[in-house]
file model-v6.tsv (TSV, C-alpha atoms and all ligand atoms)
chain	number	residue	atom	x	y	z
A	1	MET	CA	-7.00	-3.37	23.55
A	2	LEU	CA	-5.44	-2.56	20.21
A	3	LEU	CA	-6.80	-1.77	16.75
A	4	GLY	CA	-4.81	-3.54	14.01
A	5	ILE	CA	-4.70	-2.43	10.38
A	6	GLU	CA	-3.31	-4.56	7.54
A	7	THR	CA	-2.79	-3.48	3.92
A	8	SER	CA	0.54	-5.07	2.97
A	9	CYS	CA	-0.82	-6.79	-0.14
A	10	ASP	CA	-4.32	-7.57	-1.38
A	11	GLU	CA	-6.33	-7.94	1.85
A	12	THR	CA	-7.83	-4.85	3.48
A	13	ALA	CA	-8.23	-5.70	7.15
A	14	ALA	CA	-8.93	-4.22	10.57
A	15	ALA	CA	-9.31	-5.97	13.92
A	16	VAL	CA	-9.61	-5.26	17.63
A	17	VAL	CA	-7.66	-7.60	19.92
A	18	LEU	CA	-7.38	-7.70	23.69
A	19	ASN	CA	-4.02	-8.51	25.31
A	20	GLY	CA	-2.67	-10.00	22.08
A	21	ARG	CA	-4.85	-13.09	22.56
A	22	LYS	CA	-8.57	-12.39	22.42
A	23	VAL	CA	-10.07	-11.22	19.12
A	24	LEU	CA	-13.02	-8.89	19.69
A	25	SER	CA	-13.51	-8.33	15.95
A	26	SER	CA	-11.64	-9.16	12.75
A	27	LYS	CA	-12.90	-7.69	9.49
A	28	LEU	CA	-11.39	-8.41	6.13
A	29	PHE	CA	-12.03	-7.61	2.52
A	30	SER	CA	-10.16	-9.88	0.13
A	31	GLN	CA	-9.34	-8.37	-3.24
A	32	ILE	CA	-8.49	-11.75	-4.77
A	33	GLN	CA	-11.31	-11.58	-7.29
A	34	VAL	CA	-10.18	-8.16	-8.44
A	35	HIS	CA	-6.68	-9.48	-9.19
A	36	GLN	CA	-7.61	-12.91	-10.51
A	37	GLU	CA	-8.15	-11.67	-14.05
A	38	PHE	CA	-4.52	-10.44	-14.08
A	39	GLY	CA	-3.12	-13.73	-12.70
A	40	GLY	CA	-1.48	-11.93	-9.75
A	41	VAL	CA	-1.68	-8.84	-7.55
A	42	VAL	CA	-1.48	-5.52	-9.42
A	43	PRO	CA	0.00	-3.07	-6.86
A	44	GLU	CA	-1.70	0.10	-8.12
A	45	VAL	CA	-5.10	-1.58	-8.32
A	46	ALA	CA	-4.60	-3.00	-4.80
A	47	ALA	CA	-3.64	0.40	-3.36
A	48	ARG	CA	-6.72	2.08	-4.87
A	49	LYS	CA	-8.98	-0.60	-3.47
A	50	HIS	CA	-7.48	-0.13	0.02
A	51	VAL	CA	-8.14	3.63	-0.24
A	52	GLU	CA	-11.77	2.92	-1.17
A	53	ILE	CA	-12.63	0.58	1.66
A	54	LEU	CA	-10.20	0.82	4.56
A	55	ASN	CA	-12.16	3.42	6.52
A	56	SER	CA	-15.38	1.43	6.41
A	57	ILE	CA	-13.54	-1.76	7.44
A	58	VAL	CA	-12.08	0.08	10.45
A	59	GLU	CA	-15.53	1.39	11.41
A	60	GLU	CA	-16.98	-2.12	11.17
A	61	ALA	CA	-14.17	-3.56	13.31
A	62	LEU	CA	-14.77	-0.97	16.04
A	63	SER	CA	-18.52	-1.33	16.02
A	64	GLU	CA	-18.46	-5.14	16.01
A	65	ALA	CA	-16.05	-5.09	18.96
A	66	GLY	CA	-18.29	-2.53	20.65
A	67	VAL	CA	-15.41	-0.19	21.44
A	68	LYS	CA	-14.87	3.54	21.10
A	69	PRO	CA	-11.57	5.06	19.96
A	70	SER	CA	-10.98	6.21	23.54
A	71	ASP	CA	-11.04	2.54	24.68
A	72	LEU	CA	-8.06	1.72	22.46
A	73	SER	CA	-4.52	1.71	23.82
A	74	GLY	CA	-3.01	2.05	20.36
A	75	ILE	CA	-3.37	1.80	16.59
A	76	VAL	CA	-1.16	-0.92	15.13
A	77	CYS	CA	-0.29	-1.07	11.44
A	78	THR	CA	1.90	-3.19	9.17
A	79	ALA	CA	4.88	-1.14	7.96
A	80	GLY	CA	6.47	-3.87	5.80
A	81	PRO	CA	7.62	-5.98	4.13
A	82	GLY	CA	5.01	-5.69	1.42
A	83	LEU	CA	3.96	-3.55	-1.53
A	84	ILE	CA	4.98	0.06	-0.87
A	85	GLY	CA	1.86	1.58	-2.42
A	86	THR	CA	-0.53	-0.58	-0.42
A	87	LEU	CA	1.43	-0.28	2.84
A	88	LEU	CA	1.35	3.52	2.58
A	89	VAL	CA	-2.45	3.51	2.52
A	90	GLY	CA	-2.63	1.63	5.82
A	91	LEU	CA	0.17	3.63	7.43
A	92	ALA	CA	-1.35	6.99	6.46
A	93	ALA	CA	-4.70	5.89	7.87
A	94	ALA	CA	-3.18	4.49	11.08
A	95	LYS	CA	-1.16	7.65	11.72
A	96	ALA	CA	-4.22	9.81	11.06
A	97	TYR	CA	-6.40	7.77	13.43
A	98	ALA	CA	-3.67	7.80	16.08
A	99	TRP	CA	-3.27	11.58	15.77
A	100	ALA	CA	-6.98	12.35	15.72
A	101	TRP	CA	-7.83	10.00	18.58
A	102	GLU	CA	-4.68	10.86	20.57
A	103	ARG	CA	-3.64	7.22	20.82
A	104	PRO	CA	-0.12	5.76	20.27
A	105	PHE	CA	0.79	4.74	16.72
A	106	ILE	CA	2.51	1.33	16.62
A	107	ALA	CA	4.20	0.03	13.46
A	108	VAL	CA	4.83	-3.71	13.22
A	109	ASP	CA	6.62	-6.09	10.91
A	110	HIS	CA	4.45	-8.28	8.71
A	111	LEU	CA	6.51	-11.46	9.15
A	112	LEU	CA	6.55	-11.21	12.93
A	113	SER	CA	2.80	-10.55	12.81
A	114	HIS	CA	2.27	-13.85	11.02
A	115	VAL	CA	4.09	-15.63	13.87
A	116	CYS	CA	2.01	-13.71	16.45
A	117	ALA	CA	-1.17	-15.16	14.91
A	118	ASN	CA	-0.28	-18.16	17.07
A	119	TYR	CA	-0.92	-16.25	20.31
A	120	ILE	CA	-4.58	-15.82	19.37
A	121	ASP	CA	-6.78	-18.03	21.56
A	122	THR	CA	-3.82	-20.09	22.81
A	123	ASP	CA	-1.45	-20.36	25.77
A	124	LEU	CA	1.64	-20.20	23.55
A	125	GLU	CA	4.79	-18.88	25.19
A	126	PRO	CA	8.37	-18.73	23.89
A	127	PRO	CA	10.82	-20.33	23.42
A	128	PHE	CA	9.85	-21.95	20.14
A	129	VAL	CA	10.99	-22.59	16.59
A	130	ALA	CA	8.72	-21.00	13.98
A	131	LEU	CA	8.35	-22.03	10.36
A	132	LEU	CA	7.13	-18.96	8.51
A	133	VAL	CA	5.86	-19.79	5.03
A	134	SER	CA	4.09	-17.02	3.12
A	135	GLY	CA	3.78	-15.75	-0.42
A	136	GLY	CA	6.86	-13.60	-0.07
A	137	HIS	CA	9.00	-15.35	2.57
A	138	THR	CA	10.14	-18.71	3.87
A	139	GLN	CA	12.10	-18.67	7.11
A	140	LEU	CA	12.94	-20.81	10.10
A	141	LEU	CA	13.08	-18.62	13.20
A	142	HIS	CA	14.12	-19.22	16.77
A	143	PHE	CA	12.11	-17.15	19.28
A	144	GLU	CA	13.92	-16.96	22.60
A	145	ASN	CA	11.29	-14.64	24.07
A	146	HIS	CA	8.31	-12.64	22.78
A	147	ARG	CA	10.48	-9.98	21.23
A	148	THR	CA	13.75	-11.61	20.25
A	149	SER	CA	14.03	-13.91	17.29
A	150	LYS	CA	16.91	-15.19	15.23
A	151	ILE	CA	16.70	-16.30	11.60
A	152	LEU	CA	18.04	-19.86	11.43
A	153	GLY	CA	17.56	-20.22	7.70
A	154	GLN	CA	15.57	-18.95	4.75
A	155	THR	CA	14.88	-19.54	1.11
A	156	LEU	CA	17.68	-18.81	-1.32
A	157	ASP	CA	15.23	-18.19	-4.16
A	158	ASP	CA	11.42	-18.54	-4.29
A	159	ALA	CA	9.27	-18.44	-1.16
A	160	ALA	CA	7.14	-21.54	-0.54
A	161	GLY	CA	3.89	-19.69	-1.34
A	162	GLU	CA	5.46	-18.19	-4.44
A	163	ALA	CA	6.41	-21.71	-5.58
A	164	PHE	CA	2.79	-22.83	-5.06
A	165	ASP	CA	1.54	-19.84	-7.07
A	166	LYS	CA	4.08	-20.29	-9.89
A	167	VAL	CA	3.39	-24.01	-10.17
A	168	GLY	CA	-0.33	-23.17	-10.11
A	169	ARG	CA	0.22	-20.97	-13.13
A	170	LEU	CA	2.22	-23.73	-14.89
A	171	LEU	CA	-0.69	-26.09	-14.33
A	172	GLY	CA	-3.18	-23.54	-15.66
A	173	LEU	CA	-4.86	-23.03	-12.26
A	174	GLU	CA	-6.42	-19.82	-11.03
A	175	TYR	CA	-4.52	-17.37	-8.78
A	176	PRO	CA	-3.49	-17.94	-6.02
A	177	GLY	CA	-2.29	-21.44	-6.79
A	178	GLY	CA	-1.72	-22.53	-3.17
A	179	PRO	CA	-5.30	-23.30	-2.11
A	180	VAL	CA	-6.12	-24.91	-5.48
A	181	ILE	CA	-3.07	-27.19	-5.36
A	182	ASP	CA	-3.99	-28.06	-1.77
A	183	ARG	CA	-7.45	-29.21	-2.97
A	184	LEU	CA	-6.21	-31.05	-6.06
A	185	ALA	CA	-3.48	-32.82	-4.10
A	186	GLN	CA	-6.15	-34.59	-2.09
A	187	VAL	CA	-7.26	-36.53	-5.13
A	188	GLY	CA	-3.88	-36.83	-6.91
A	189	ASN	CA	-1.19	-39.49	-6.60
A	190	ALA	CA	1.76	-37.99	-4.71
A	191	LYS	CA	4.03	-40.80	-5.89
A	192	ALA	CA	3.33	-40.18	-9.59
A	193	TYR	CA	6.40	-37.96	-9.92
A	194	ALA	CA	9.65	-38.10	-7.97
A	195	PHE	CA	10.32	-34.38	-7.69
A	196	PRO	CA	13.55	-33.19	-6.01
A	197	GLU	CA	13.36	-31.58	-2.58
A	198	GLY	CA	15.93	-28.92	-3.34
A	199	VAL	CA	19.11	-29.90	-1.56
A	200	VAL	CA	20.49	-27.01	0.46
A	201	ASP	CA	22.68	-27.24	3.54
A	202	GLY	CA	21.57	-26.34	7.02
A	203	TYR	CA	18.25	-24.60	7.55
A	204	ASP	CA	18.07	-22.82	4.18
A	205	PHE	CA	15.59	-23.73	1.46
A	206	SER	CA	15.45	-23.63	-2.33
A	207	PHE	CA	12.33	-24.15	-4.42
A	208	SER	CA	13.41	-23.01	-7.88
A	209	GLY	CA	14.79	-26.47	-8.87
A	210	LEU	CA	11.52	-28.08	-7.88
A	211	LYS	CA	9.57	-25.53	-9.90
A	212	THR	CA	11.76	-26.26	-12.95
A	213	ALA	CA	11.24	-30.01	-12.45
A	214	VAL	CA	7.47	-29.46	-12.54
A	215	LEU	CA	7.87	-27.38	-15.70
A	216	ARG	CA	9.85	-30.20	-17.38
A	217	ALA	CA	7.20	-32.73	-16.36
A	218	VAL	CA	4.47	-30.50	-17.78
A	219	GLU	CA	6.39	-30.16	-21.05
A	220	LYS	CA	6.82	-33.94	-21.33
A	221	SER	CA	3.20	-34.77	-20.47
A	222	MET	CA	0.65	-35.69	-23.08
A	223	ALA	CA	-2.72	-33.97	-23.03
A	224	PRO	CA	-4.74	-33.99	-20.88
A	225	LEU	CA	-2.27	-32.82	-18.25
A	226	PRO	CA	-2.36	-35.01	-15.10
A	227	VAL	CA	-2.92	-31.89	-13.01
A	228	ALA	CA	-3.92	-33.60	-9.75
A	229	ASP	CA	-0.92	-35.97	-9.81
A	230	LEU	CA	1.46	-33.10	-10.58
A	231	ALA	CA	-0.08	-31.00	-7.80
A	232	ALA	CA	0.10	-33.86	-5.27
A	233	SER	CA	3.70	-34.74	-6.15
A	234	PHE	CA	4.80	-31.10	-6.02
A	235	GLN	CA	3.05	-30.44	-2.71
A	236	ALA	CA	4.52	-33.61	-1.17
A	237	ALA	CA	8.05	-32.48	-2.09
A	238	VAL	CA	7.51	-29.03	-0.55
A	239	VAL	CA	5.94	-30.41	2.63
A	240	ARG	CA	8.68	-33.03	3.01
A	241	VAL	CA	11.51	-30.50	3.07
A	242	LEU	CA	9.64	-27.96	5.24
A	243	VAL	CA	8.76	-30.58	7.86
A	244	LYS	CA	12.21	-32.16	7.85
A	245	LYS	CA	14.11	-28.92	8.45
A	246	THR	CA	11.65	-27.62	11.04
A	247	LEU	CA	11.85	-30.82	13.09
A	248	LYS	CA	15.65	-30.80	12.83
A	249	ALA	CA	15.80	-27.19	14.08
A	250	ALA	CA	13.43	-27.91	16.98
A	251	GLN	CA	15.47	-30.93	17.97
A	252	GLU	CA	18.88	-29.28	17.70
A	253	LEU	CA	17.78	-26.18	19.62
A	254	ASP	CA	15.88	-28.33	22.07
A	255	VAL	CA	12.76	-26.13	22.11
A	256	PRO	CA	9.56	-27.33	23.79
A	257	ARG	CA	7.24	-26.26	20.95
A	258	ILE	CA	6.97	-25.51	17.24
A	259	VAL	CA	4.95	-22.78	15.57
A	260	LEU	CA	3.68	-22.71	12.00
A	261	ALA	CA	2.79	-19.37	10.37
A	262	GLY	CA	2.02	-17.58	7.09
A	263	GLY	CA	-0.39	-18.25	4.23
A	264	VAL	CA	1.07	-21.68	3.44
A	265	ALA	CA	0.30	-22.72	7.04
A	266	ALA	CA	-3.24	-23.12	5.68
A	267	ASN	CA	-2.03	-26.13	3.71
A	268	ARG	CA	-3.72	-29.30	4.92
A	269	GLN	CA	-0.83	-31.67	4.30
A	270	LEU	CA	1.71	-29.35	5.94
A	271	ARG	CA	-0.50	-28.93	9.03
A	272	GLU	CA	-1.08	-32.68	9.30
A	273	GLU	CA	2.46	-33.87	8.62
A	274	LEU	CA	4.14	-31.38	10.95
A	275	SER	CA	1.75	-32.21	13.78
A	276	ARG	CA	2.00	-35.95	13.15
A	277	GLN	CA	5.80	-36.13	12.97
A	278	SER	CA	6.67	-33.73	15.78
A	279	SER	CA	7.42	-35.00	19.27
A	280	VAL	CA	6.74	-31.54	20.76
A	281	PRO	CA	3.42	-29.62	20.56
A	282	VAL	CA	2.84	-27.82	17.26
A	283	TYR	CA	0.89	-24.53	17.24
A	284	ILE	CA	-0.93	-23.69	14.02
A	285	PRO	CA	-3.23	-20.68	13.60
A	286	GLN	CA	-6.89	-21.16	12.72
A	287	LEU	CA	-7.25	-20.97	8.93
A	288	ARG	CA	-8.53	-17.38	8.96
A	289	TYR	CA	-5.40	-16.22	10.81
A	290	CYS	CA	-2.92	-18.01	8.49
A	291	THR	CA	-3.32	-15.76	5.47
A	292	ASP	CA	-3.09	-11.98	5.84
A	293	ASN	CA	-5.42	-10.53	8.49
A	294	ALA	CA	-5.44	-7.69	11.02
A	295	ALA	CA	-5.92	-9.74	14.20
A	296	MET	CA	-2.32	-10.95	13.92
A	297	VAL	CA	-1.24	-7.32	13.44
A	298	ALA	CA	-2.92	-6.25	16.67
A	299	ALA	CA	-1.44	-9.30	18.43
A	300	ALA	CA	2.04	-8.33	17.21
A	301	GLY	CA	1.46	-4.76	18.40
A	302	PHE	CA	0.92	-6.10	21.88
A	303	TYR	CA	4.16	-8.08	21.91
A	304	PHE	CA	6.54	-5.93	19.87
A	305	ASN	CA	6.40	-2.17	20.13
A	306	ASP	CA	5.21	0.47	22.49
A	307	ALA	CA	4.98	3.42	20.19
A	308	SER	CA	6.60	4.22	16.88
A	309	PRO	CA	7.57	7.67	15.64
A	310	TYR	CA	5.40	9.05	12.85
A	311	GLU	CA	8.55	9.05	10.72
A	312	VAL	CA	8.31	5.25	10.35
A	313	ASN	CA	7.86	4.61	6.67
A	314	ALA	CA	6.73	1.68	4.56
A	315	TYR	CA	9.43	-0.82	3.58
A	316	SER	CA	9.42	-3.55	0.98
A	317	ARG	CA	12.17	-5.77	2.37
A	318	GLN	CA	12.66	-7.27	5.79
A	319	LYS	CA	13.96	-5.00	8.58
A	320	HIS	CA	14.87	-5.54	12.15
A	321	PRO	CA	11.80	-4.83	14.32
A	322	LYS	CA	13.81	-2.64	16.70
A	323	THR	CA	14.05	0.01	13.98
A	324	LEU	CA	10.28	0.53	14.31
A	325	ALA	CA	10.23	1.24	18.04
A	326	ARG	CA	10.68	4.55	19.75
A	327	LYS	CA	11.59	2.91	23.00
A	328	SER	CA	11.66	-0.66	24.13
A	329	LYS	CA	10.07	-2.23	27.15
A	330	ALA	CA	11.14	-5.45	28.82
A	331	ALA	CA	7.82	-7.26	28.75
A	332	PRO	CA	4.31	-6.56	27.58
A	333	THR	CA	1.76	-5.50	30.18
A	334	GLN	CA	-2.02	-5.65	30.22
A	335	ARG	CA	-3.68	-3.48	27.60
B	401	LIG	O1	0.76	-14.88	4.20
B	401	LIG	P1	0.02	-14.63	2.97
B	401	LIG	O2	-1.46	-14.43	3.02
B	401	LIG	O3	0.59	-13.39	2.21
B	401	LIG	C1	1.95	-13.03	2.24
B	401	LIG	O4	2.37	-12.42	3.25
B	401	LIG	O5	2.64	-13.40	1.28
B	401	LIG	O6	0.36	-15.86	2.02
B	401	LIG	C2	-0.18	-15.99	0.75
B	401	LIG	C3	0.39	-17.26	0.16
B	401	LIG	C4	0.06	-17.44	-1.32
B	401	LIG	O7	1.25	-17.75	-1.99
B	401	LIG	C5	-0.91	-18.60	-1.33
B	401	LIG	O8	-0.85	-19.39	-2.50
B	401	LIG	C6	-0.47	-19.39	-0.12
B	401	LIG	O9	-0.15	-18.41	0.84
B	401	LIG	N1	-1.52	-20.28	0.39
B	401	LIG	C7	-1.43	-21.62	0.38
B	401	LIG	C8	-2.65	-22.12	0.89
B	401	LIG	N2	-3.44	-21.04	1.22
B	401	LIG	C9	-2.73	-19.93	0.89
B	401	LIG	N3	-0.44	-22.44	-0.02
B	401	LIG	C10	-0.64	-23.76	0.09
B	401	LIG	N4	-1.79	-24.31	0.56
B	401	LIG	C11	-2.81	-23.53	0.98
B	401	LIG	N5	-3.94	-24.07	1.45
B	402	ZN	ZN	1.38	-12.27	4.79

call {"tool": "encode", "arguments": {"input": "model-v6.tsv", "output": "structure tokens"}}
result
Amino acid sequence: MLLGIETSCDETAAAVVLNGRKVLSSKLFSQIQVHQEFGGVVPEVAARKHVEILNSIVEEALSEAGVKPSDLSGIVCTAGPGLIGTLLVGLAAAKAYAWAWERPFIAVDHLLSHVCANYIDTDLEPPFVALLVSGGHTQLLHFENHRTSKILGQTLDDAAGEAFDKVGRLLGLEYPGGPVIDRLAQVGNAKAYAFPEGVVDGYDFSFSGLKTAVLRAVEKSMAPLPVADLAASFQAAVVRVLVKKTLKAAQELDVPRIVLAGGVAANRQLREELSRQSSVPVYIPQLRYCTDNAAMVAAAGFYFNDASPYEVNAYSRQKHPKTLARKSKAAPTQR
């Protein structure tokens, strides 16, 4: 079993997971309230908060799982992409635990971890097409096996979650905008505004035109702002393009299943529409494993790396996962 540690942004999390599938404990402290007054995550504040509470979260995760450090087969930690200052807190802790407990240190990629959230409590096996939609990234990926994935397309500007958060701000909603828009959209009229989908060829995405269209609509609106209708129309446009391109990729690559991952995978309409329109099974993580958490980190540790050198450093932009591994193994074994 593996201990996972996650500090890439504003959630401090630790979890113990068996064989990449069974969560023995998953502890999380969300700093959202701390950052809400600033309207977004303040990196220095986030890093300090991680320093304050990470050790106690790790202790809680171990005690809830009922395991001792000597039971662990490794300490897994997110190395990036994320905020450098916050990532460094988790990495320093993970390396220190690994050293002190004489266990392997395993660095994993945050985006691949989001996808691995789908292994938790399921029978998912590759090949599959994954739609990864988070606050920082939007990608369509093709997983040929557990370890090898190819980026089919990605956003040319804003990430889907970022678009939700920016539109949330335009509508005067609290941070993060995604969950609030999700709630408001349920009572709004999605046909009130005909927002553009963002026309981009192939499997790439663009959300900046849509965001500007919402801004124009807000500027033209009379008070009070029809917030629910704007939220519903915006969300419908995002969901439409995400579902369309994901289904097209799954069909063209002829994969037997689709996987949804990342914070925006918590969105009700996206979950429903993708499942409803797909002719192949769609895997979607439980809500608590959509947004940042450490269970997905431990799951990724099982599938991706054996051990990483202590030289592995935090990174803010996407890297190839192979750069994190000391050596590679053909297939994961029981841990
Ligand atoms: O994956 P995540 O927790 O962090 C990153 O790795 O970025 O994703 C956070 C993003 C935020 O942009 C947030 O607004 C969005 O996920 N999000 C949602 C929902 N819940 C979280 N977006 C739409 N609907 C939701 N229910
Ligand atoms: Zn994330």

call {"tool": "residues_near_ligand", "arguments": {"input": "model-v6.tsv", "ligand": "ligand ZN 402 (chain B)", "cutoff": "12 Å", "atoms": "only C-alpha atoms and all ligand atoms", "output": "number ranges by chain"}}
result
A: 6-13, 78, 80-83, 109-117, 132-138, 159, 161-162, 261-266, 288-294, 296-297

call {"tool": "residues_around", "arguments": {"input": "model-v6.tsv", "residues": "Val180 of chain A", "least_positions_apart": "2", "cutoff": "10 Å", "atoms": "only C-alpha atoms", "output": "list in words"}}
result
Phe164, Asp165, Gly168, Leu173, Glu174, Tyr175, Pro176, Gly177, Gly178, Asp182, Arg183, Leu184, Ala185, Ala228 and Ala231 of chain A

call {"tool": "atom_distance", "arguments": {"input": "model-v6.tsv", "atom1": "atom CA of Leu141 of chain A", "atom2": "atom CA of Ile75 of chain A"}}
result
26.4 Å

call {"tool": "closest_residue", "arguments": {"input": "model-v6.tsv", "among": "A:Gln251, A:Asn305, A:Thr212, A:Ser25", "to": "Ser278 of chain A", "atoms": "only C-alpha atoms"}}
result
A:Gln251

call {"tool": "closest_residue", "arguments": {"input": "model-v6.tsv", "among": "A:Val199, A:Gln154, A:Phe234, A:Thr246", "to": "Lys166 of chain A", "atoms": "only C-alpha atoms"}}
result
A:Phe234

call {"tool": "atom_distance", "arguments": {"input": "model-v6.tsv", "atom1": "atom CA of Phe29 of chain A", "atom2": "atom CA of Glu272 of chain A"}}
result
28.2 Å

call {"tool": "residues_near_point", "arguments": {"input": "model-v6.tsv", "point": "(-7.3, -2.5, -3.8)", "cutoff": "8 Å", "atoms": "all atoms listed in the file", "output": "list in words"}}
result
Asp10, Glu11, Thr12, Gln31, Val34, Pro43, Glu44, Val45, Ala46, Ala47, Arg48, Lys49, His50, Val51, Glu52 and Thr86 of chain A

call {"tool": "residues_around", "arguments": {"input": "model-v6.tsv", "residues": "Thr155 of chain A", "least_positions_apart": "2", "cutoff": "10 Å", "atoms": "all atoms listed in the file", "output": "PyMOL selection string"}}
result
chain A and resi 133+137-140+153+157-160+200+203-208

call {"tool": "atom_distance", "arguments": {"input": "model-v6.tsv", "atom1": "atom CA of Arg169 of chain A", "atom2": "atom CA of Lys244 of chain A"}}
result
26.6 Å

call {"tool": "closest_residue", "arguments": {"input": "model-v6.tsv", "among": "A:Leu171, A:Leu270, A:Ile284, A:Ile120", "to": "ligand LIG 401 (chain B)", "atoms": "all atoms listed in the file"}}
result
A:Leu270

call {"tool": "closest_residue", "arguments": {"input": "model-v6.tsv", "among": "A:Leu247, A:Ile181, A:Val218, A:Val89", "to": "ligand LIG 401 (chain B)", "atoms": "all atoms listed in the file"}}
result
A:Ile181

call {"tool": "residues_around", "arguments": {"input": "model-v6.tsv", "residues": "Tyr283 of chain A", "least_positions_apart": "4", "cutoff": "7 Å", "atoms": "all atoms listed in the file", "output": "PDB file with C-alpha atoms, in the coordinates of the input"}}
result
ATOM      1  CA  ASN A 118      -0.280 -18.160  17.070  1.00  0.00           C
ATOM      2  CA  ILE A 258       6.970 -25.510  17.240  1.00  0.00           C
ATOM      3  CA  VAL A 259       4.950 -22.780  15.570  1.00  0.00           C
ATOM      4  CA  LEU A 260       3.680 -22.710  12.000  1.00  0.00           C
TER       5      LEU A 260
END

call {"tool": "residues_near_point", "arguments": {"input": "model-v6.tsv", "point": "(9.4, -3.4, 5.9)", "cutoff": "6 Å", "atoms": "all atoms listed in the file", "output": "ChimeraX atom specification"}}
result
/A:79-81,314-319

call {"tool": "closest_residue", "arguments": {"input": "model-v6.tsv", "among": "A:Val167, A:Lys220, A:Ser63, A:Gly188", "to": "ligand LIG 401 (chain B)", "atoms": "only C-alpha atoms and all ligand atoms"}}
result
A:Val167

call {"tool": "closest_residue", "arguments": {"input": "model-v6.tsv", "among": "A:Ala163, A:Ala15, A:Ala295, A:Leu274", "to": "ligand LIG 401 (chain B)", "atoms": "only C-alpha atoms and all ligand atoms"}}
result
A:Ala163
